[in-house]
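K.L.:
Once you've had a glance at the structure underneath, I'll fire off some questions.
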Amino acid sequence: MSELPSRLSVVTLGARDVPRLRRFYCSLGWTQIPSSDDDWTGFLLGGVLLALHPVEELAAEAADGSPPPTGWSGITLACNVESPQQVDTAFEAAVAAGAMAVAEPVDRPWGGRSAYIADPEGNRWEIAWAATARFDGRGALIAFGD
């Protein structure tokens, strides 16, 4: 066993406007953890915590002395869904909640279907269906591939 377990527990987004992002994710119907407020917010998503933290404070911990990020970071987050049709309905719901449409739902060369949105601060989310994705009762991804 490795001293560093093979798991992803928390994804933290450095937010320029935590209250605005908090409202956006709440408008998607996502439930905040009880300790959330406009200074720090967390959403438990199928076994992974999505945290919103002020970008200046996060930079002081994780990238002290580096300039704040601008533009797209080159990172996407993904929400895998159970059917190709759900890609379309989830995309429409996200746009209705205030997300920016980045790429409309399409069938992809790799055999799945996906679309891309951006939250109010430009963080990219892929909404994807893959035939080989398997989930547990919480919606956590438990298998991917053959």
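Every chain in the structure tokens takes a letter, A first, then B, and so on in the order presented; its residues are numbered from 1, and the ligands are numbered from 1 following the presented order.
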When DSSP is applied to the backbone of this structure, which of region 15-132 of chain A are assigned strand (DSSP E or B)? Write them out as a PyMOL selection string.
P.N.:
chain A and resi 15+32+37+40-45+48-54+76-80+100-107+113-118+124-129
K.L.:
If you run DSSP on this backbone, which residues of region 67-104 of chain A come out as helix (DSSP H, G or I), and could you give them as a VMD selection string?
P.N.:
chain A and resid 84 to 96
K.L.:
Nearest to Gly74 (chain A) among A:Arg20, A:His53, A:Arg7, A:Arg124, with distances taken over only C-alpha atoms: which residue is it?
P.N.:
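Checking each of A:Arg20, A:His53, A:Arg7, A:Arg124 against Gly74 (chain A), counting only C-alpha atoms, the winner is A:Arg124.
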K.L.:
Which residues of region 7-110 of chain A sit at most 7 Å from region 114-120 of chain A, using only C-alpha atoms? Give each one's shortest atom pair and distance in Å (one decimal place), in chain and ascending residue order, as CSV.
P.N.:
```
residue,atom,partner,partner_atom,distance
A:Leu21,CA,A:Pro120,CA,6.6
A:Val87,CA,A:Ser114,CA,6.2
A:Phe91,CA,A:Ala115,CA,6.9
A:Ala99,CA,A:Asp119,CA,5.0
A:Met100,CA,A:Ala118,CA,5.0
A:Ala101,CA,A:Ile117,CA,4.7
A:Val102,CA,A:Ile117,CA,4.9
A:Ala103,CA,A:Tyr116,CA,4.8
A:Glu104,CA,A:Ala115,CA,5.2
A:Pro105,CA,A:Ala115,CA,4.2
A:Val106,CA,A:Ser114,CA,5.8
A:Asp107,CA,A:Ser114,CA,6.6
A:Arg108,CA,A:Ser114,CA,6.9
```
K.L.:
Need to verify the contact set: Thr132 (chain A), 12 Å, only C-alpha atoms, exclusion of same-chain residues closer than 3 positions in sequence. Can you return it as a ChimeraX atom specification?
P.N.:
/A:80-83,110-112,128-129,135,141-146
K.L.:
Please dump the current selection as a short mmCIF file (atom, residue, chain, number, x, y, z; two decimals), in the first residue's frame; keep all heavy atoms.
P.N.:
```
data_model
loop_
_atom_site.label_atom_id
_atom_site.label_comp_id
_atom_site.auth_asym_id
_atom_site.auth_seq_id
_atom_site.Cartn_x
_atom_site.Cartn_y
_atom_site.Cartn_z
N ASN A 80 -20.28 12.86 -14.86
CA ASN A 80 -20.76 11.79 -15.72
C ASN A 80 -22.19 11.44 -15.34
O ASN A 80 -22.54 11.42 -14.15
CB ASN A 80 -19.87 10.56 -15.61
CG ASN A 80 -18.64 10.69 -16.48
OD1 ASN A 80 -17.75 11.49 -16.20
ND2 ASN A 80 -18.60 9.92 -17.56
N VAL A 81 -23.00 11.20 -16.35
CA VAL A 81 -24.42 10.90 -16.16
C VAL A 81 -24.73 9.51 -16.69
O VAL A 81 -23.88 8.88 -17.33
CB VAL A 81 -25.30 11.98 -16.83
CG1 VAL A 81 -25.12 13.34 -16.14
CG2 VAL A 81 -25.00 12.10 -18.32
N GLU A 82 -25.95 9.04 -16.42
CA GLU A 82 -26.30 7.65 -16.71
C GLU A 82 -26.77 7.36 -18.12
O GLU A 82 -26.88 6.20 -18.50
CB GLU A 82 -27.37 7.17 -15.71
CG GLU A 82 -26.84 6.88 -14.32
CD GLU A 82 -26.73 8.14 -13.44
OE1 GLU A 82 -27.14 9.23 -13.89
OE2 GLU A 82 -26.23 8.02 -12.31
N SER A 83 -27.09 8.37 -18.95
CA SER A 83 -27.58 8.12 -20.30
C SER A 83 -27.18 9.24 -21.24
O SER A 83 -26.94 10.37 -20.79
CB SER A 83 -29.11 7.98 -20.29
OG SER A 83 -29.72 9.24 -20.10
N TRP A 110 -14.93 9.03 -29.24
CA TRP A 110 -14.58 7.95 -28.31
C TRP A 110 -15.79 7.09 -27.93
O TRP A 110 -15.65 6.16 -27.14
CB TRP A 110 -13.87 8.50 -27.08
CG TRP A 110 -14.49 9.70 -26.43
CD1 TRP A 110 -14.15 11.01 -26.65
CD2 TRP A 110 -15.53 9.73 -25.45
NE1 TRP A 110 -14.92 11.85 -25.86
CE2 TRP A 110 -15.78 11.09 -25.11
CE3 TRP A 110 -16.30 8.76 -24.80
CZ2 TRP A 110 -16.74 11.48 -24.19
CZ3 TRP A 110 -17.25 9.15 -23.88
CH2 TRP A 110 -17.46 10.49 -23.59
N GLY A 111 -16.97 7.38 -28.50
CA GLY A 111 -18.14 6.53 -28.28
C GLY A 111 -19.14 7.03 -27.28
O GLY A 111 -20.19 6.43 -27.09
N GLY A 112 -18.86 8.13 -26.61
CA GLY A 112 -19.80 8.68 -25.63
C GLY A 112 -20.47 9.93 -26.16
O GLY A 112 -20.44 10.23 -27.36
N ALA A 128 -20.90 14.42 -19.25
CA ALA A 128 -20.55 13.32 -20.15
C ALA A 128 -21.30 12.03 -19.82
O ALA A 128 -21.61 11.75 -18.67
CB ALA A 128 -19.05 13.06 -20.08
N TRP A 129 -21.53 11.27 -20.87
CA TRP A 129 -22.01 9.90 -20.74
C TRP A 129 -21.00 9.00 -21.42
O TRP A 129 -20.54 9.27 -22.53
CB TRP A 129 -23.37 9.71 -21.41
CG TRP A 129 -23.74 8.26 -21.50
CD1 TRP A 129 -24.23 7.48 -20.49
CD2 TRP A 129 -23.60 7.42 -22.63
NE1 TRP A 129 -24.39 6.19 -20.93
CE2 TRP A 129 -24.01 6.12 -22.25
CE3 TRP A 129 -23.14 7.61 -23.93
CZ2 TRP A 129 -24.00 5.04 -23.13
CZ3 TRP A 129 -23.12 6.53 -24.80
CH2 TRP A 129 -23.56 5.26 -24.39
N PHE A 135 -21.67 3.54 -11.47
CA PHE A 135 -21.83 4.36 -10.28
C PHE A 135 -22.38 3.53 -9.13
O PHE A 135 -23.10 2.56 -9.34
CB PHE A 135 -22.80 5.52 -10.56
CG PHE A 135 -22.40 6.33 -11.75
CD1 PHE A 135 -22.90 6.05 -13.02
CD2 PHE A 135 -21.51 7.38 -11.63
CE1 PHE A 135 -22.54 6.79 -14.12
CE2 PHE A 135 -21.13 8.14 -12.73
CZ PHE A 135 -21.64 7.84 -13.98
N LEU A 141 -18.43 7.45 -8.96
CA LEU A 141 -17.90 6.62 -10.02
C LEU A 141 -17.11 5.47 -9.40
O LEU A 141 -16.18 5.69 -8.64
CB LEU A 141 -16.98 7.46 -10.91
CG LEU A 141 -16.46 6.84 -12.19
CD1 LEU A 141 -17.60 6.52 -13.15
CD2 LEU A 141 -15.45 7.76 -12.84
N ILE A 142 -17.51 4.23 -9.72
CA ILE A 142 -16.83 3.07 -9.13
C ILE A 142 -16.10 2.22 -10.16
O ILE A 142 -15.30 1.37 -9.82
CB ILE A 142 -17.80 2.19 -8.31
CG1 ILE A 142 -18.98 1.74 -9.15
CG2 ILE A 142 -18.27 2.95 -7.07
CD1 ILE A 142 -19.87 0.70 -8.49
N ALA A 143 -16.39 2.44 -11.46
CA ALA A 143 -15.69 1.73 -12.52
C ALA A 143 -15.77 2.56 -13.79
O ALA A 143 -16.74 3.26 -14.02
CB ALA A 143 -16.32 0.35 -12.75
N PHE A 144 -14.70 2.47 -14.59
CA PHE A 144 -14.66 3.19 -15.85
C PHE A 144 -13.77 2.41 -16.79
O PHE A 144 -12.62 2.12 -16.49
CB PHE A 144 -14.08 4.60 -15.62
CG PHE A 144 -14.36 5.54 -16.76
CD1 PHE A 144 -15.51 6.30 -16.76
CD2 PHE A 144 -13.46 5.66 -17.80
CE1 PHE A 144 -15.77 7.19 -17.80
CE2 PHE A 144 -13.71 6.54 -18.85
CZ PHE A 144 -14.87 7.30 -18.85
N GLY A 145 -14.29 2.00 -17.90
CA GLY A 145 -13.54 1.16 -18.84
C GLY A 145 -14.17 -0.21 -18.91
O GLY A 145 -15.29 -0.43 -18.45
N ASP A 146 -13.43 -1.15 -19.45
CA ASP A 146 -13.97 -2.50 -19.64
C ASP A 146 -14.44 -3.15 -18.40
O ASP A 146 -14.18 -3.14 -17.35
CB ASP A 146 -12.93 -3.38 -20.33
CG ASP A 146 -12.65 -2.86 -21.72
OD1 ASP A 146 -13.54 -2.25 -22.32
OD2 ASP A 146 -11.52 -3.05 -22.20
#
```
K.L.:
Would you mind telling me which residue in A:Ala140, A:Ala78, A:Leu28, A:Ala130 lies nearest to Glu92 (chain A) when using only C-alpha atoms?
P.N.:
A:Leu28
K.L.:
Using only C-alpha atoms, determine which residues lie at most 8 Å from region 38-40 of chain A, disregarding the query and same-chain residues fewer than 5 positions distant; provide the list as a ChimeraX atom specification.
P.N.:
/A:18-19,22,51-54
K.L.:
Which value, in Å to one decimal, gives the distance between CA of Glu126 (chain A) and CA of Leu77 (chain A)?
P.N.:
6.1 Å
